[in-house]
$ cat work38.pdb   # PDB, C-alpha atoms
ATOM      1  CA  MET C  25      68.065  87.157 104.826  1.00  0.00           C
ATOM      2  CA  ASN C  26      66.079  85.049 107.269  1.00  0.00           C
ATOM      3  CA  ASN C  27      62.618  83.624 106.515  1.00  0.00           C
ATOM      4  CA  ALA C  28      60.756  86.356 108.404  1.00  0.00           C
ATOM      5  CA  THR C  29      62.621  89.105 106.547  1.00  0.00           C
ATOM      6  CA  ALA C  30      62.127  87.375 103.197  1.00  0.00           C
ATOM      7  CA  LYS C  31      58.397  86.994 103.856  1.00  0.00           C
ATOM      8  CA  ARG C  32      58.097  90.683 104.865  1.00  0.00           C
ATOM      9  CA  VAL C  33      59.890  91.789 101.673  1.00  0.00           C
ATOM     10  CA  GLU C  34      57.653  89.520  99.587  1.00  0.00           C
ATOM     11  CA  THR C  35      54.551  90.908 101.305  1.00  0.00           C
ATOM     12  CA  GLU C  36      55.681  94.519 100.668  1.00  0.00           C
ATOM     13  CA  PHE C  37      56.430  93.656  97.040  1.00  0.00           C
ATOM     14  CA  ASP C  38      52.951  92.144  96.572  1.00  0.00           C
ATOM     15  CA  ALA C  39      51.339  95.085  98.378  1.00  0.00           C
ATOM     16  CA  VAL C  40      52.987  97.575  96.008  1.00  0.00           C
ATOM     17  CA  LEU C  41      51.932  95.519  92.971  1.00  0.00           C
ATOM     18  CA  ALA C  42      48.355  95.532  94.288  1.00  0.00           C
ATOM     19  CA  LEU C  43      48.238  99.356  94.419  1.00  0.00           C
ATOM     20  CA  GLY C  44      46.234 101.213  91.802  1.00  0.00           C
ATOM     21  CA  ALA C  45      48.058 102.887  88.912  1.00  0.00           C
ATOM     22  CA  LYS C  46      47.974 106.346  90.548  1.00  0.00           C
ATOM     23  CA  LYS C  47      49.593 105.120  93.775  1.00  0.00           C
ATOM     24  CA  ARG C  48      52.145 103.068  91.838  1.00  0.00           C
ATOM     25  CA  LEU C  49      52.988 106.249  89.914  1.00  0.00           C
ATOM     26  CA  ALA C  50      53.729 108.049  93.199  1.00  0.00           C
ATOM     27  CA  TYR C  51      55.752 105.045  94.409  1.00  0.00           C
ATOM     28  CA  MET C  52      57.700 105.081  91.144  1.00  0.00           C
ATOM     29  CA  PHE C  53      58.797 108.698  91.471  1.00  0.00           C
ATOM     30  CA  GLU C  54      59.615 108.383  95.195  1.00  0.00           C
ATOM     31  CA  THR C  55      61.772 105.323  94.518  1.00  0.00           C
ATOM     32  CA  VAL C  56      63.483 106.781  91.450  1.00  0.00           C
ATOM     33  CA  GLN C  57      64.305 109.976  93.344  1.00  0.00           C
ATOM     34  CA  GLU C  58      65.808 107.930  96.162  1.00  0.00           C
ATOM     35  CA  PHE C  59      67.894 105.527  94.057  1.00  0.00           C
ATOM     36  CA  LYS C  60      68.461 107.754  90.977  1.00  0.00           C
ATOM     37  CA  GLN C  61      67.604 104.990  88.473  1.00  0.00           C
ATOM     38  CA  VAL C  62      64.797 104.141  86.065  1.00  0.00           C
ATOM     39  CA  TRP C  63      64.460 100.459  85.151  1.00  0.00           C
ATOM     40  CA  ILE C  64      63.565  99.131  81.705  1.00  0.00           C
ATOM     41  CA  LEU C  65      63.549  95.681  80.130  1.00  0.00           C
ATOM     42  CA  ASN C  66      65.936  94.836  77.302  1.00  0.00           C
ATOM     43  CA  ASP C  67      66.143  91.938  74.897  1.00  0.00           C
ATOM     44  CA  GLU C  68      68.522  91.226  72.036  1.00  0.00           C
ATOM     45  CA  HIS C  69      66.816  93.949  69.974  1.00  0.00           C
ATOM     46  CA  GLY C  70      66.974  96.661  72.650  1.00  0.00           C
ATOM     47  CA  CYS C  71      64.348  98.199  74.879  1.00  0.00           C
ATOM     48  CA  VAL C  72      60.985  96.434  75.203  1.00  0.00           C
ATOM     49  CA  MET C  73      58.092  98.352  73.647  1.00  0.00           C
ATOM     50  CA  LEU C  74      54.372  98.098  74.313  1.00  0.00           C
ATOM     51  CA  SER C  75      51.500  99.055  72.066  1.00  0.00           C
ATOM     52  CA  ASN C  76      48.716 100.863  73.890  1.00  0.00           C
ATOM     53  CA  GLU C  77      45.770 101.593  71.582  1.00  0.00           C
ATOM     54  CA  ASP C  78      47.360 103.813  68.899  1.00  0.00           C
ATOM     55  CA  ASP C  79      50.583 104.587  70.737  1.00  0.00           C
ATOM     56  CA  ASP C  80      53.876 102.832  71.347  1.00  0.00           C
ATOM     57  CA  CYS C  81      55.235 103.022  74.871  1.00  0.00           C
ATOM     58  CA  VAL C  82      58.427 102.245  76.728  1.00  0.00           C
ATOM     59  CA  PRO C  83      57.528 100.544  80.028  1.00  0.00           C
ATOM     60  CA  VAL C  84      59.508 101.631  83.111  1.00  0.00           C
ATOM     61  CA  TRP C  85      59.693 100.402  86.697  1.00  0.00           C
ATOM     62  CA  PRO C  86      61.118 101.651  90.002  1.00  0.00           C
ATOM     63  CA  SER C  87      63.392  98.656  90.638  1.00  0.00           C
ATOM     64  CA  ARG C  88      64.994  95.570  89.143  1.00  0.00           C
ATOM     65  CA  GLU C  89      62.579  93.310  91.042  1.00  0.00           C
ATOM     66  CA  PHE C  90      59.449  94.940  89.627  1.00  0.00           C
ATOM     67  CA  ALA C  91      60.842  94.959  86.082  1.00  0.00           C
ATOM     68  CA  GLN C  92      61.885  91.300  86.407  1.00  0.00           C
ATOM     69  CA  SER C  93      58.455  90.291  87.725  1.00  0.00           C
ATOM     70  CA  TRP C  94      56.910  91.635  84.515  1.00  0.00           C
ATOM     71  CA  ALA C  95      59.288  89.625  82.288  1.00  0.00           C
ATOM     72  CA  THR C  96      57.052  86.603  81.746  1.00  0.00           C
ATOM     73  CA  GLY C  97      55.532  84.893  78.717  1.00  0.00           C
ATOM     74  CA  GLU C  98      56.813  86.486  75.526  1.00  0.00           C
ATOM     75  CA  TRP C  99      59.081  88.772  77.611  1.00  0.00           C
ATOM     76  CA  GLN C 100      60.712  85.971  79.658  1.00  0.00           C
ATOM     77  CA  ASP C 101      64.076  86.373  77.929  1.00  0.00           C
ATOM     78  CA  CYS C 102      64.260  90.086  78.728  1.00  0.00           C
ATOM     79  CA  GLU C 103      66.692  91.457  81.276  1.00  0.00           C
ATOM     80  CA  PRO C 104      66.152  94.448  83.573  1.00  0.00           C
ATOM     81  CA  LYS C 105      68.467  97.363  82.896  1.00  0.00           C
ATOM     82  CA  ALA C 106      69.020 100.410  85.100  1.00  0.00           C
ATOM     83  CA  ILE C 107      69.195 103.817  83.437  1.00  0.00           C
ATOM     84  CA  PRO C 108      70.729 106.519  85.666  1.00  0.00           C
ATOM     85  CA  VAL C 109      68.347 109.476  85.993  1.00  0.00           C
ATOM     86  CA  LYS C 110      70.931 111.899  84.575  1.00  0.00           C
ATOM     87  CA  ASP C 111      71.177 109.715  81.431  1.00  0.00           C
ATOM     88  CA  TRP C 112      67.401 109.442  81.244  1.00  0.00           C
ATOM     89  CA  LEU C 113      67.026 113.223  81.362  1.00  0.00           C
ATOM     90  CA  SER C 114      69.821 113.973  78.888  1.00  0.00           C
ATOM     91  CA  ARG C 115      69.324 111.169  76.345  1.00  0.00           C
ATOM     92  CA  TRP C 116      66.125 109.202  76.818  1.00  0.00           C
ATOM     93  CA  THR C 117      63.650 112.079  77.129  1.00  0.00           C
ATOM     94  CA  PRO C 118      64.807 113.783  73.907  1.00  0.00           C
ATOM     95  CA  GLY C 119      65.042 110.431  72.092  1.00  0.00           C
ATOM     96  CA  LEU C 120      61.549 109.336  73.116  1.00  0.00           C
ATOM     97  CA  GLU C 121      60.116 112.721  72.103  1.00  0.00           C
ATOM     98  CA  GLN C 122      61.872 112.563  68.737  1.00  0.00           C
ATOM     99  CA  ASP C 123      60.514 109.049  68.099  1.00  0.00           C
ATOM    100  CA  ASP C 124      56.961 110.001  69.258  1.00  0.00           C
ATOM    101  CA  LEU C 125      57.000 107.388  72.012  1.00  0.00           C
ATOM    102  CA  LEU C 126      55.165 107.487  75.324  1.00  0.00           C
ATOM    103  CA  ILE C 127      56.103 106.015  78.691  1.00  0.00           C
ATOM    104  CA  ALA C 128      54.090 103.315  80.466  1.00  0.00           C
ATOM    105  CA  VAL C 129      54.934 103.958  84.114  1.00  0.00           C
ATOM    106  CA  PHE C 130      55.038 100.836  86.305  1.00  0.00           C
ATOM    107  CA  PRO C 131      52.785  98.460  84.365  1.00  0.00           C
ATOM    108  CA  THR C 132      51.694  95.236  86.045  1.00  0.00           C
ATOM    109  CA  ASP C 133      49.972  92.072  84.888  1.00  0.00           C
ATOM    110  CA  GLN C 134      46.697  93.769  85.851  1.00  0.00           C
ATOM    111  CA  ASP C 135      47.052  97.092  83.991  1.00  0.00           C
ATOM    112  CA  ASP C 136      49.234  99.139  81.682  1.00  0.00           C
ATOM    113  CA  GLY C 137      50.258 101.609  84.374  1.00  0.00           C
ATOM    114  CA  THR C 138      50.057 105.364  83.842  1.00  0.00           C
ATOM    115  CA  ILE C 139      50.817 106.553  80.319  1.00  0.00           C
ATOM    116  CA  LEU C 140      52.827 109.793  80.216  1.00  0.00           C
ATOM    117  CA  PHE C 141      54.468 111.906  77.549  1.00  0.00           C
ATOM    118  CA  PRO C 142      58.263 112.000  77.925  1.00  0.00           C
ATOM    119  CA  ASP C 143      58.207 115.664  79.020  1.00  0.00           C
ATOM    120  CA  GLU C 144      55.639 114.875  81.741  1.00  0.00           C
ATOM    121  CA  PHE C 145      57.785 112.028  83.041  1.00  0.00           C
ATOM    122  CA  ASP C 146      60.869 114.259  82.837  1.00  0.00           C
ATOM    123  CA  SER C 147      59.236 117.043  84.845  1.00  0.00           C
ATOM    124  CA  GLN C 148      58.205 114.584  87.577  1.00  0.00           C
ATOM    125  CA  LEU C 149      61.767 113.262  87.776  1.00  0.00           C
ATOM    126  CA  ARG C 150      62.963 116.828  88.347  1.00  0.00           C
ATOM    127  CA  VAL C 151      60.568 117.584  91.223  1.00  0.00           C
ATOM    128  CA  PRO C 152      62.641 117.977  94.393  1.00  0.00           C
ATOM    129  CA  LYS C 153      62.250 115.193  96.927  1.00  0.00           C
ATOM    130  CA  LYS C 154      59.975 116.209  99.804  1.00  0.00           C
ATOM    131  CA  ARG C 155      61.632 116.570 103.165  1.00  0.00           C
ATOM    132  CA  PHE C 156      59.655 116.063 106.342  1.00  0.00           C
TER     133      PHE C 156
END
$ encode --input "work38.pdb" --output "structure tokens"
Amino acid sequence: MNNATAKRVETEFDAVLALGAKKRLAYMFETVQEFKQVWILNDEHGCVMLSNEDDDCVPVWPSREFAQSWATGEWQDCEPKAIPVKDWLSRWTPGLEQDDLLIAVFPTDQDDGTILFPDEFDSQLRVPKKRF
């Protein structure tokens, strides 16, 4: 990758991070539908969890790079992990529902992202990709 390409990628990355939660949510589902993966952060105890008011959430991101960028401070030892969409739908959705957990979609340093119930996230993953 040359310097111009690297700078363009960095600028796109920063531009996506600067989007509001609603636009990042749309970006998340477009990217997940394209690459068929949901990204989480793991540490030695398993999946990273967030507390949002009275609820516990599993944070998710559209790519390794976005997940890794969030792994700072107390999360610096966490590693991004890709979950194939088919595994997410068959195992994660039922497991999260059973454990009464929510999903924090694409959190950033600036906000917690969009908080969804597992069935809401699941239904968005199943929406057919738009063709133009």
$ residues_around --input "work38.pdb" --residues "Leu113 in chain C" --least-positions-apart "6" --cutoff "12 Å" --atoms "all atoms listed in the file" --output "VMD selection string"
chain C and resid 60 to 62 107 119 to 121 142 to 150
$ residues_around --input "work38.pdb" --residues "Asp133 in chain C" --least-positions-apart "5" --cutoff "10 Å" --atoms "all atoms listed in the file" --output "PyMOL selection string"
chain C and resi 41+93-96
$ resolve_selection --input "work38.pdb" --expression "the PyMOL selection byres ((chain C and resi 82) around 10)" --output "list in words"
Ile64, Leu65, Cys71, Val72, Met73, Leu74, Ser75, Asp80, Cys81, Pro83, Val84, Leu120, Leu125, Leu126, Ile127, Ala128, Val129, Ile139 and Pro142 of chain C
$ atom_distance --input "work38.pdb" --atom1 "CA of Gln92 in chain C" --atom2 "CA of Leu140 in chain C"
21.5 Å
$ closest_residue --input "work38.pdb" --among "C:Glu89, C:Glu58, C:Asp123, C:Asp79" --to "Asp38 in chain C" --atoms "all atoms listed in the file"
C:Glu89
$ closest_residue --input "work38.pdb" --among "C:Pro104, C:Glu77, C:Phe90, C:Glu36" --to "Thr132 in chain C" --atoms "all atoms listed in the file"
C:Phe90
$ atom_distance --input "work38.pdb" --atom1 "CA of Arg115 in chain C" --atom2 "CA of Lys47 in chain C"
27.0 Å
$ closest_residue --input "work38.pdb" --among "C:Gln134, C:Thr35, C:Gln122, C:Thr55" --to "Val109 in chain C" --atoms "only C-alpha atoms"
C:Thr55
$ closest_residue --input "work38.pdb" --among "C:Val56, C:Ala50, C:Leu43, C:Val151" --to "Pro86 in chain C" --atoms "only C-alpha atoms"
C:Val56
$ atom_distance --input "work38.pdb" --atom1 "CA of Gln57 in chain C" --atom2 "CA of Asp135 in chain C"
23.5 Å
$ residues_around --input "work38.pdb" --residues "His69 in chain C" --least-positions-apart "6" --cutoff "12 Å" --atoms "only C-alpha atoms" --output "number ranges by chain"
C: 101-103
$ closest_residue --input "work38.pdb" --among "C:Asp78, C:Asp67, C:Asp124, C:Glu54" --to "Trp99 in chain C" --atoms "only C-alpha atoms"
C:Asp67
